[in-house]
file query34.cif (mmCIF, N, CA and C atoms and all ligand atoms)
data_upload
loop_
_atom_site.label_atom_id
_atom_site.label_comp_id
_atom_site.auth_asym_id
_atom_site.auth_seq_id
_atom_site.Cartn_x
_atom_site.Cartn_y
_atom_site.Cartn_z
N MET A 883 16.41 -56.28 23.08
CA MET A 883 15.98 -54.91 22.79
C MET A 883 15.33 -54.85 21.42
N PRO A 884 14.24 -55.53 21.25
CA PRO A 884 13.63 -55.63 19.92
C PRO A 884 13.22 -54.28 19.36
N ALA A 885 12.83 -53.36 20.18
CA ALA A 885 12.38 -52.07 19.64
C ALA A 885 13.53 -51.33 18.99
N ILE A 886 14.66 -51.35 19.64
CA ILE A 886 15.81 -50.62 19.13
C ILE A 886 16.44 -51.34 17.95
N PHE A 887 16.48 -52.68 18.02
CA PHE A 887 17.24 -53.40 17.03
C PHE A 887 16.40 -54.00 15.91
N SER A 888 15.13 -53.64 15.84
CA SER A 888 14.30 -54.29 14.84
C SER A 888 14.83 -54.09 13.43
N GLY A 889 15.53 -52.98 13.20
CA GLY A 889 16.03 -52.74 11.86
C GLY A 889 17.47 -53.18 11.66
N ILE A 890 18.07 -53.73 12.68
CA ILE A 890 19.47 -54.11 12.60
C ILE A 890 19.55 -55.62 12.73
N GLY A 891 20.34 -56.24 11.87
CA GLY A 891 20.44 -57.70 11.90
C GLY A 891 20.90 -58.21 13.25
N ASN A 892 20.50 -59.39 13.56
CA ASN A 892 20.88 -60.05 14.80
C ASN A 892 22.39 -60.08 15.01
N ALA A 893 23.14 -60.28 13.94
CA ALA A 893 24.60 -60.35 14.06
C ALA A 893 25.14 -59.04 14.61
N TYR A 894 24.68 -57.95 14.07
CA TYR A 894 25.20 -56.66 14.50
C TYR A 894 24.69 -56.29 15.89
N SER A 895 23.49 -56.71 16.23
CA SER A 895 23.01 -56.39 17.58
C SER A 895 23.87 -57.09 18.63
N ASP A 896 24.36 -58.30 18.34
CA ASP A 896 25.27 -58.97 19.27
C ASP A 896 26.54 -58.13 19.47
N GLU A 897 27.06 -57.62 18.37
CA GLU A 897 28.30 -56.84 18.43
C GLU A 897 28.08 -55.51 19.15
N ILE A 898 26.94 -54.90 18.89
CA ILE A 898 26.62 -53.61 19.52
C ILE A 898 26.48 -53.77 21.03
N LEU A 899 25.80 -54.83 21.45
CA LEU A 899 25.61 -55.04 22.89
C LEU A 899 26.93 -55.36 23.59
N LEU A 900 27.83 -56.07 22.91
CA LEU A 900 29.15 -56.31 23.50
C LEU A 900 29.88 -54.98 23.65
N HIS A 901 29.85 -54.19 22.60
CA HIS A 901 30.53 -52.89 22.62
C HIS A 901 30.00 -52.02 23.76
N ALA A 902 28.69 -52.06 23.95
CA ALA A 902 28.06 -51.24 24.99
C ALA A 902 28.14 -51.90 26.37
N LYS A 903 28.61 -53.14 26.41
CA LYS A 903 28.64 -53.92 27.64
C LYS A 903 27.25 -53.99 28.30
N LEU A 904 26.28 -54.31 27.47
CA LEU A 904 24.91 -54.43 27.97
C LEU A 904 24.43 -55.87 27.82
N THR A 905 23.68 -56.34 28.79
CA THR A 905 23.13 -57.69 28.73
C THR A 905 22.11 -57.80 27.60
N PRO A 906 22.05 -58.96 26.94
CA PRO A 906 21.06 -59.12 25.87
C PRO A 906 19.64 -59.28 26.38
N VAL A 907 19.45 -59.41 27.67
CA VAL A 907 18.08 -59.65 28.15
C VAL A 907 17.57 -58.53 29.06
N LYS A 908 17.70 -57.34 28.61
CA LYS A 908 17.12 -56.23 29.35
C LYS A 908 16.24 -55.46 28.38
N ARG A 909 15.06 -55.11 28.80
CA ARG A 909 14.21 -54.40 27.85
C ARG A 909 14.61 -52.94 27.75
N ALA A 910 14.38 -52.40 26.58
CA ALA A 910 14.85 -51.04 26.30
C ALA A 910 14.33 -50.05 27.34
N GLY A 911 13.09 -50.22 27.76
CA GLY A 911 12.49 -49.30 28.72
C GLY A 911 13.15 -49.33 30.09
N GLN A 912 13.95 -50.36 30.35
CA GLN A 912 14.59 -50.50 31.65
C GLN A 912 16.01 -49.97 31.69
N LEU A 913 16.47 -49.45 30.58
CA LEU A 913 17.84 -48.96 30.54
C LEU A 913 17.96 -47.63 31.28
N SER A 914 19.06 -47.47 31.98
CA SER A 914 19.33 -46.19 32.64
C SER A 914 19.78 -45.18 31.59
N ASP A 915 19.82 -43.92 31.98
CA ASP A 915 20.29 -42.88 31.05
C ASP A 915 21.70 -43.19 30.57
N ASP A 916 22.52 -43.65 31.49
CA ASP A 916 23.90 -43.97 31.15
C ASP A 916 23.95 -45.12 30.14
N GLU A 917 23.11 -46.12 30.34
CA GLU A 917 23.09 -47.26 29.43
C GLU A 917 22.57 -46.86 28.04
N ILE A 918 21.59 -45.98 28.02
CA ILE A 918 21.05 -45.51 26.74
C ILE A 918 22.13 -44.74 25.98
N GLU A 919 22.87 -43.94 26.72
CA GLU A 919 23.97 -43.19 26.14
C GLU A 919 25.01 -44.13 25.52
N ARG A 920 25.38 -45.16 26.28
CA ARG A 920 26.36 -46.13 25.78
C ARG A 920 25.83 -46.87 24.57
N LEU A 921 24.56 -47.24 24.62
CA LEU A 921 23.96 -47.97 23.52
C LEU A 921 23.94 -47.12 22.25
N TYR A 922 23.56 -45.88 22.41
CA TYR A 922 23.51 -44.95 21.27
C TYR A 922 24.89 -44.83 20.63
N HIS A 923 25.89 -44.65 21.48
CA HIS A 923 27.25 -44.53 21.00
C HIS A 923 27.71 -45.82 20.31
N SER A 924 27.35 -46.95 20.91
CA SER A 924 27.80 -48.25 20.38
C SER A 924 27.15 -48.61 19.06
N VAL A 925 25.88 -48.23 18.89
CA VAL A 925 25.20 -48.49 17.61
C VAL A 925 25.98 -47.80 16.50
N GLN A 926 26.30 -46.54 16.73
CA GLN A 926 27.02 -45.78 15.72
C GLN A 926 28.42 -46.33 15.49
N ALA A 927 29.15 -46.52 16.58
CA ALA A 927 30.54 -46.97 16.47
C ALA A 927 30.62 -48.32 15.77
N THR A 928 29.72 -49.23 16.14
CA THR A 928 29.78 -50.58 15.58
C THR A 928 29.39 -50.60 14.11
N LEU A 929 28.32 -49.92 13.77
CA LEU A 929 27.87 -49.94 12.37
C LEU A 929 28.85 -49.21 11.46
N ILE A 930 29.41 -48.12 11.95
CA ILE A 930 30.42 -47.40 11.15
C ILE A 930 31.65 -48.27 10.97
N ASP A 931 32.05 -48.95 12.03
CA ASP A 931 33.21 -49.83 11.98
C ASP A 931 33.02 -50.92 10.91
N TYR A 932 31.86 -51.59 10.93
CA TYR A 932 31.65 -52.67 9.96
C TYR A 932 31.43 -52.12 8.55
N ALA A 933 30.80 -50.97 8.45
CA ALA A 933 30.64 -50.35 7.13
C ALA A 933 32.01 -50.05 6.54
N ASP A 934 32.92 -49.57 7.38
CA ASP A 934 34.29 -49.29 6.91
C ASP A 934 34.99 -50.56 6.47
N ARG A 935 34.80 -51.63 7.26
CA ARG A 935 35.46 -52.89 6.90
C ARG A 935 34.94 -53.41 5.56
N ILE A 936 33.62 -53.33 5.38
CA ILE A 936 33.02 -53.83 4.13
C ILE A 936 33.49 -52.97 2.96
N ARG A 937 33.53 -51.67 3.18
CA ARG A 937 33.98 -50.75 2.14
C ARG A 937 35.44 -51.05 1.75
N ALA A 938 36.26 -51.30 2.76
CA ALA A 938 37.67 -51.58 2.50
C ALA A 938 37.84 -52.86 1.69
N GLU A 939 36.97 -53.82 1.93
CA GLU A 939 37.08 -55.09 1.20
C GLU A 939 36.59 -54.96 -0.22
N VAL A 940 35.55 -54.17 -0.40
CA VAL A 940 34.90 -54.08 -1.70
C VAL A 940 35.62 -53.10 -2.63
N GLY A 941 36.26 -52.11 -2.06
CA GLY A 941 36.94 -51.12 -2.90
C GLY A 941 35.92 -50.33 -3.70
N ASP A 942 36.14 -50.24 -4.98
CA ASP A 942 35.23 -49.47 -5.81
C ASP A 942 34.02 -50.28 -6.29
N GLY A 943 34.04 -51.53 -6.01
CA GLY A 943 32.94 -52.39 -6.46
C GLY A 943 31.68 -52.20 -5.64
N PHE A 944 30.69 -52.97 -5.95
CA PHE A 944 29.44 -52.91 -5.20
C PHE A 944 29.39 -54.12 -4.28
N PRO A 945 29.06 -53.92 -3.00
CA PRO A 945 29.05 -55.07 -2.09
C PRO A 945 27.95 -56.05 -2.45
N THR A 946 28.33 -57.22 -2.90
CA THR A 946 27.32 -58.22 -3.29
C THR A 946 27.10 -59.21 -2.17
N LYS A 947 28.02 -59.23 -1.22
CA LYS A 947 27.91 -60.26 -0.19
C LYS A 947 28.06 -59.63 1.19
N VAL A 948 27.02 -58.96 1.64
CA VAL A 948 27.04 -58.39 2.98
C VAL A 948 26.31 -59.38 3.90
N THR A 949 27.04 -60.39 4.30
CA THR A 949 26.42 -61.46 5.07
C THR A 949 26.24 -61.06 6.52
N ALA A 950 25.35 -61.76 7.19
CA ALA A 950 25.10 -61.45 8.60
C ALA A 950 26.31 -61.82 9.45
N PHE A 951 26.95 -62.92 9.08
CA PHE A 951 28.10 -63.34 9.88
C PHE A 951 29.39 -62.93 9.21
N ARG A 952 30.28 -62.36 9.99
CA ARG A 952 31.61 -62.05 9.49
C ARG A 952 32.63 -62.71 10.43
N PRO A 953 33.68 -63.31 9.86
CA PRO A 953 34.67 -63.99 10.70
C PRO A 953 35.36 -63.05 11.67
N ASP A 954 35.36 -61.76 11.37
CA ASP A 954 36.04 -60.81 12.25
C ASP A 954 35.13 -60.25 13.33
N MET A 955 33.95 -60.82 13.47
CA MET A 955 33.07 -60.34 14.53
C MET A 955 33.59 -60.78 15.89
N GLY A 956 33.18 -60.04 16.92
CA GLY A 956 33.69 -60.31 18.25
C GLY A 956 33.01 -61.47 18.94
N VAL A 957 31.69 -61.48 18.97
CA VAL A 957 30.97 -62.54 19.67
C VAL A 957 29.98 -63.28 18.78
N HIS A 958 29.46 -62.61 17.77
CA HIS A 958 28.44 -63.27 16.95
C HIS A 958 29.02 -64.47 16.21
N GLY A 959 28.41 -65.65 16.41
CA GLY A 959 28.90 -66.87 15.77
C GLY A 959 30.16 -67.40 16.40
N LYS A 960 30.51 -66.90 17.57
CA LYS A 960 31.78 -67.26 18.20
C LYS A 960 31.59 -68.02 19.51
N PHE A 961 30.54 -68.80 19.60
CA PHE A 961 30.28 -69.55 20.82
C PHE A 961 31.52 -70.32 21.26
N ASN A 962 31.85 -70.16 22.54
CA ASN A 962 32.98 -70.85 23.17
C ASN A 962 34.36 -70.30 22.79
N GLU A 963 34.41 -69.39 21.86
CA GLU A 963 35.70 -68.77 21.53
C GLU A 963 35.94 -67.60 22.49
N PRO A 964 37.19 -67.18 22.67
CA PRO A 964 37.45 -66.11 23.65
C PRO A 964 36.87 -64.76 23.23
N CYS A 965 36.26 -64.09 24.18
CA CYS A 965 35.77 -62.73 23.96
C CYS A 965 36.97 -61.84 23.61
N PRO A 966 36.84 -61.01 22.57
CA PRO A 966 37.96 -60.16 22.16
C PRO A 966 38.30 -59.10 23.21
N VAL A 967 37.38 -58.83 24.11
CA VAL A 967 37.63 -57.80 25.13
C VAL A 967 38.31 -58.40 26.36
N CYS A 968 37.79 -59.52 26.86
CA CYS A 968 38.28 -60.03 28.14
C CYS A 968 38.80 -61.47 28.09
N GLY A 969 38.54 -62.18 27.01
CA GLY A 969 39.05 -63.55 26.88
C GLY A 969 38.15 -64.63 27.44
N SER A 970 37.05 -64.25 28.09
CA SER A 970 36.11 -65.27 28.59
C SER A 970 35.44 -65.98 27.40
N PRO A 971 35.06 -67.23 27.56
CA PRO A 971 34.39 -67.91 26.46
C PRO A 971 33.04 -67.25 26.14
N VAL A 972 32.79 -67.06 24.86
CA VAL A 972 31.53 -66.46 24.42
C VAL A 972 30.38 -67.42 24.70
N GLN A 973 29.30 -66.87 25.21
CA GLN A 973 28.11 -67.65 25.55
C GLN A 973 27.06 -67.52 24.47
N ARG A 974 26.02 -68.36 24.57
CA ARG A 974 24.94 -68.22 23.61
C ARG A 974 23.60 -68.53 24.26
N ILE A 975 22.57 -67.96 23.68
CA ILE A 975 21.20 -68.32 24.03
C ILE A 975 20.58 -68.76 22.72
N VAL A 976 20.12 -70.00 22.67
CA VAL A 976 19.57 -70.52 21.43
C VAL A 976 18.05 -70.45 21.46
N TYR A 977 17.46 -70.01 20.39
CA TYR A 977 16.01 -70.04 20.28
C TYR A 977 15.63 -70.25 18.83
N ALA A 978 14.70 -71.15 18.62
CA ALA A 978 14.27 -71.51 17.27
C ALA A 978 15.52 -71.77 16.43
N SER A 979 15.66 -71.11 15.29
CA SER A 979 16.83 -71.37 14.44
C SER A 979 17.87 -70.28 14.62
N ASN A 980 17.71 -69.52 15.68
CA ASN A 980 18.56 -68.36 15.89
C ASN A 980 19.37 -68.50 17.16
N GLU A 981 20.38 -67.71 17.31
CA GLU A 981 21.02 -67.63 18.61
C GLU A 981 21.58 -66.23 18.85
N VAL A 982 21.60 -65.90 20.14
CA VAL A 982 22.19 -64.64 20.56
C VAL A 982 23.53 -64.99 21.21
N ASN A 983 24.57 -64.30 20.84
CA ASN A 983 25.87 -64.52 21.45
C ASN A 983 26.23 -63.31 22.31
N TYR A 984 26.84 -63.60 23.46
CA TYR A 984 27.19 -62.51 24.37
C TYR A 984 28.35 -62.96 25.25
N CYS A 985 28.97 -62.02 25.92
CA CYS A 985 30.02 -62.34 26.88
C CYS A 985 29.47 -62.13 28.28
N ALA A 986 29.43 -63.20 29.06
CA ALA A 986 28.87 -63.10 30.41
C ALA A 986 29.69 -62.14 31.27
N THR A 987 30.99 -62.13 31.08
CA THR A 987 31.85 -61.25 31.88
C THR A 987 31.63 -59.78 31.55
N CYS A 988 31.67 -59.46 30.26
CA CYS A 988 31.54 -58.06 29.86
C CYS A 988 30.11 -57.55 29.98
N GLN A 989 29.14 -58.40 29.74
CA GLN A 989 27.79 -57.91 29.56
C GLN A 989 26.81 -58.30 30.66
N ASN A 990 27.18 -59.25 31.50
CA ASN A 990 26.19 -59.69 32.47
C ASN A 990 26.78 -59.98 33.85
N GLY A 991 27.76 -59.20 34.23
CA GLY A 991 28.33 -59.34 35.57
C GLY A 991 28.91 -60.71 35.84
N GLY A 992 29.35 -61.40 34.77
CA GLY A 992 29.99 -62.69 34.94
C GLY A 992 29.02 -63.86 35.02
N LYS A 993 27.71 -63.57 34.94
CA LYS A 993 26.73 -64.65 35.06
C LYS A 993 26.20 -65.08 33.69
N ARG A 994 26.14 -66.39 33.49
CA ARG A 994 25.55 -66.91 32.27
C ARG A 994 24.03 -66.84 32.36
N LEU A 995 23.41 -66.68 31.22
CA LEU A 995 21.95 -66.66 31.16
C LEU A 995 21.48 -68.04 30.69
N ALA A 996 20.38 -68.50 31.25
CA ALA A 996 19.84 -69.80 30.83
C ALA A 996 19.28 -69.68 29.42
N ASP A 997 19.42 -70.75 28.64
CA ASP A 997 18.88 -70.74 27.29
C ASP A 997 17.40 -70.35 27.26
N ARG A 998 16.68 -70.88 28.23
CA ARG A 998 15.23 -70.64 28.18
C ARG A 998 14.87 -69.20 28.53
N SER A 999 15.85 -68.45 29.06
CA SER A 999 15.53 -67.07 29.41
C SER A 999 15.08 -66.28 28.19
N LEU A 1000 15.68 -66.57 27.05
CA LEU A 1000 15.30 -65.80 25.88
C LEU A 1000 13.96 -66.27 25.32
N SER A 1001 13.71 -67.57 25.33
CA SER A 1001 12.43 -68.02 24.79
C SER A 1001 11.28 -67.52 25.65
N ARG A 1002 11.55 -67.48 26.95
CA ARG A 1002 10.50 -66.97 27.83
C ARG A 1002 10.30 -65.48 27.59
N LEU A 1003 11.40 -64.84 27.37
CA LEU A 1003 11.33 -63.40 27.17
C LEU A 1003 10.64 -63.05 25.84
N LEU A 1004 10.83 -63.90 24.86
CA LEU A 1004 10.14 -63.66 23.60
C LEU A 1004 8.66 -63.92 23.75
N LYS A 1005 8.33 -64.85 24.62
CA LYS A 1005 6.93 -65.20 24.83
C LYS A 1005 6.23 -64.19 25.73
N ASP A 1006 6.88 -63.83 26.81
CA ASP A 1006 6.24 -62.99 27.82
C ASP A 1006 6.72 -61.55 27.80
N ASP A 1007 7.31 -61.15 26.71
CA ASP A 1007 7.94 -59.83 26.68
C ASP A 1007 9.22 -59.92 27.52
N TRP A 1008 9.99 -58.87 27.52
CA TRP A 1008 11.28 -58.95 28.19
C TRP A 1008 11.14 -58.93 29.70
N PRO A 1009 12.00 -59.66 30.39
CA PRO A 1009 11.93 -59.64 31.85
C PRO A 1009 12.29 -58.26 32.36
N ARG A 1010 11.80 -57.92 33.52
CA ARG A 1010 12.05 -56.59 34.05
C ARG A 1010 13.49 -56.43 34.51
N THR A 1011 13.99 -57.44 35.13
CA THR A 1011 15.37 -57.37 35.63
C THR A 1011 16.06 -58.70 35.48
N ILE A 1012 17.36 -58.68 35.58
CA ILE A 1012 18.13 -59.92 35.59
C ILE A 1012 17.75 -60.75 36.82
N GLU A 1013 17.46 -60.06 37.92
CA GLU A 1013 17.07 -60.75 39.14
C GLU A 1013 15.82 -61.59 38.89
N GLU A 1014 14.93 -61.06 38.11
CA GLU A 1014 13.72 -61.79 37.81
C GLU A 1014 14.04 -63.08 37.06
N LEU A 1015 15.01 -63.00 36.15
CA LEU A 1015 15.44 -64.18 35.42
C LEU A 1015 16.06 -65.20 36.36
N ASP A 1016 16.91 -64.70 37.22
CA ASP A 1016 17.63 -65.59 38.13
C ASP A 1016 16.71 -66.16 39.19
N GLY A 1017 15.62 -65.47 39.44
CA GLY A 1017 14.69 -65.85 40.50
C GLY A 1017 14.27 -67.29 40.47
N ASP A 1018 13.98 -67.83 39.28
CA ASP A 1018 13.58 -69.24 39.29
C ASP A 1018 14.57 -70.14 38.56
N GLU A 1019 15.81 -69.85 38.77
CA GLU A 1019 16.85 -70.76 38.27
C GLU A 1019 16.74 -72.09 38.99
ZN ZN B 1101 34.24 -60.24 27.49
#

call {"tool": "encode", "arguments": {"input": "query34.cif", "output": "structure tokens"}}
result
Amino acid sequence: MPAIFSGIGNAYSDEILLHAKLTPVKRAGQLSDDEIERLYHSVQATLIDYADRIRAEVGDGFPTKVTAFRPDMGVHGKFNEPCPVCGSPVQRIVYASNEVNYCATCQNGGKRLADRSLSRLLKDDWPRTIEELDGDE
């Protein structure tokens, strides 16, 4: 969802999508009203949650180290570790020097996404449906 998340770090977008239980490979224009509603709620809930955690750690000081990765994150940087929601191993899609982490159970109907699905999606714009991705597995 590059349009929605362009201003939010990759780490937080992983957490937001887990919270919203949305697959990382669906384009924003393809979301249903219900999914948009969940995403909107999750962006707020997730960012407020992490802002609170950072504030609690920093106290009255100024946050000098707001890193992209936090050990208390649910899926980001947690490849193969249990999803905090359902316990399934966290999956990843690697591209260039980056990776997207997601839970196949919570976010993609239990199906893993192929690594190349994201590189193709970055090249050809986002796939229209998950079925399209699965089509040439
Ligand atoms: Zn899960």

call {"tool": "closest_residue", "arguments": {"input": "query34.cif", "among": "A:Pro966, A:Gly959, A:Pro953, A:Pro906", "to": "ligand ZN 1101 (chain B)", "atoms": "only N, CA and C atoms and all ligand atoms"}}
result
A:Pro966

call {"tool": "residues_near_ligand", "arguments": {"input": "query34.cif", "ligand": "ligand ZN 1101 (chain B)", "cutoff": "6 Å", "atoms": "only C-alpha atoms and all ligand atoms", "output": "list in words"}}
result
Cys965, Val967, Cys968, Gly969, Ser970, Cys985, Thr987 and Cys988 of chain A

call {"tool": "atom_distance", "arguments": {"input": "query34.cif", "atom1": "atom C of Glu917 of chain A", "atom2": "atom C of Thr905 of chain A"}}
result
11.0 Å

call {"tool": "axis_aligned_box", "arguments": {"input": "query34.cif", "around": "segment 921-932 of chain A", "padding_each_side": "8 Å", "output": "JSON"}}
result
{"center_x": 28.4, "center_y": -48.6, "center_z": 16.6, "size_x": 25.7, "size_y": 24.1, "size_z": 32.1}

call {"tool": "closest_residue", "arguments": {"input": "query34.cif", "among": "A:Leu913, A:Val940, A:Ala933, A:Val972", "to": "His958 of chain A", "atoms": "only N, CA and C atoms"}}
result
A:Val972

call {"tool": "atom_distance", "arguments": {"input": "query34.cif", "atom1": "atom CA of Val925 of chain A", "atom2": "atom CA of Met955 of chain A"}}
result
14.6 Å

call {"tool": "closest_residue", "arguments": {"input": "query34.cif", "among": "A:Phe951, A:Asn962, A:Asn983, A:Gln989", "to": "His901 of chain A", "atoms": "only C-alpha atoms"}}
result
A:Gln989

call {"tool": "atom_distance", "arguments": {"input": "query34.cif", "atom1": "atom CA of Pro971 of chain A", "atom2": "atom N of Gly992 of chain A"}}
result
11.7 Å

call {"tool": "select_by_dssp", "arguments": {"input": "query34.cif", "residues": "segment 907-957 of chain A", "states": "helix (DSSP H, G or I)", "output": "VMD selection string"}}
result
chain A and resid 910 to 912 915 to 940
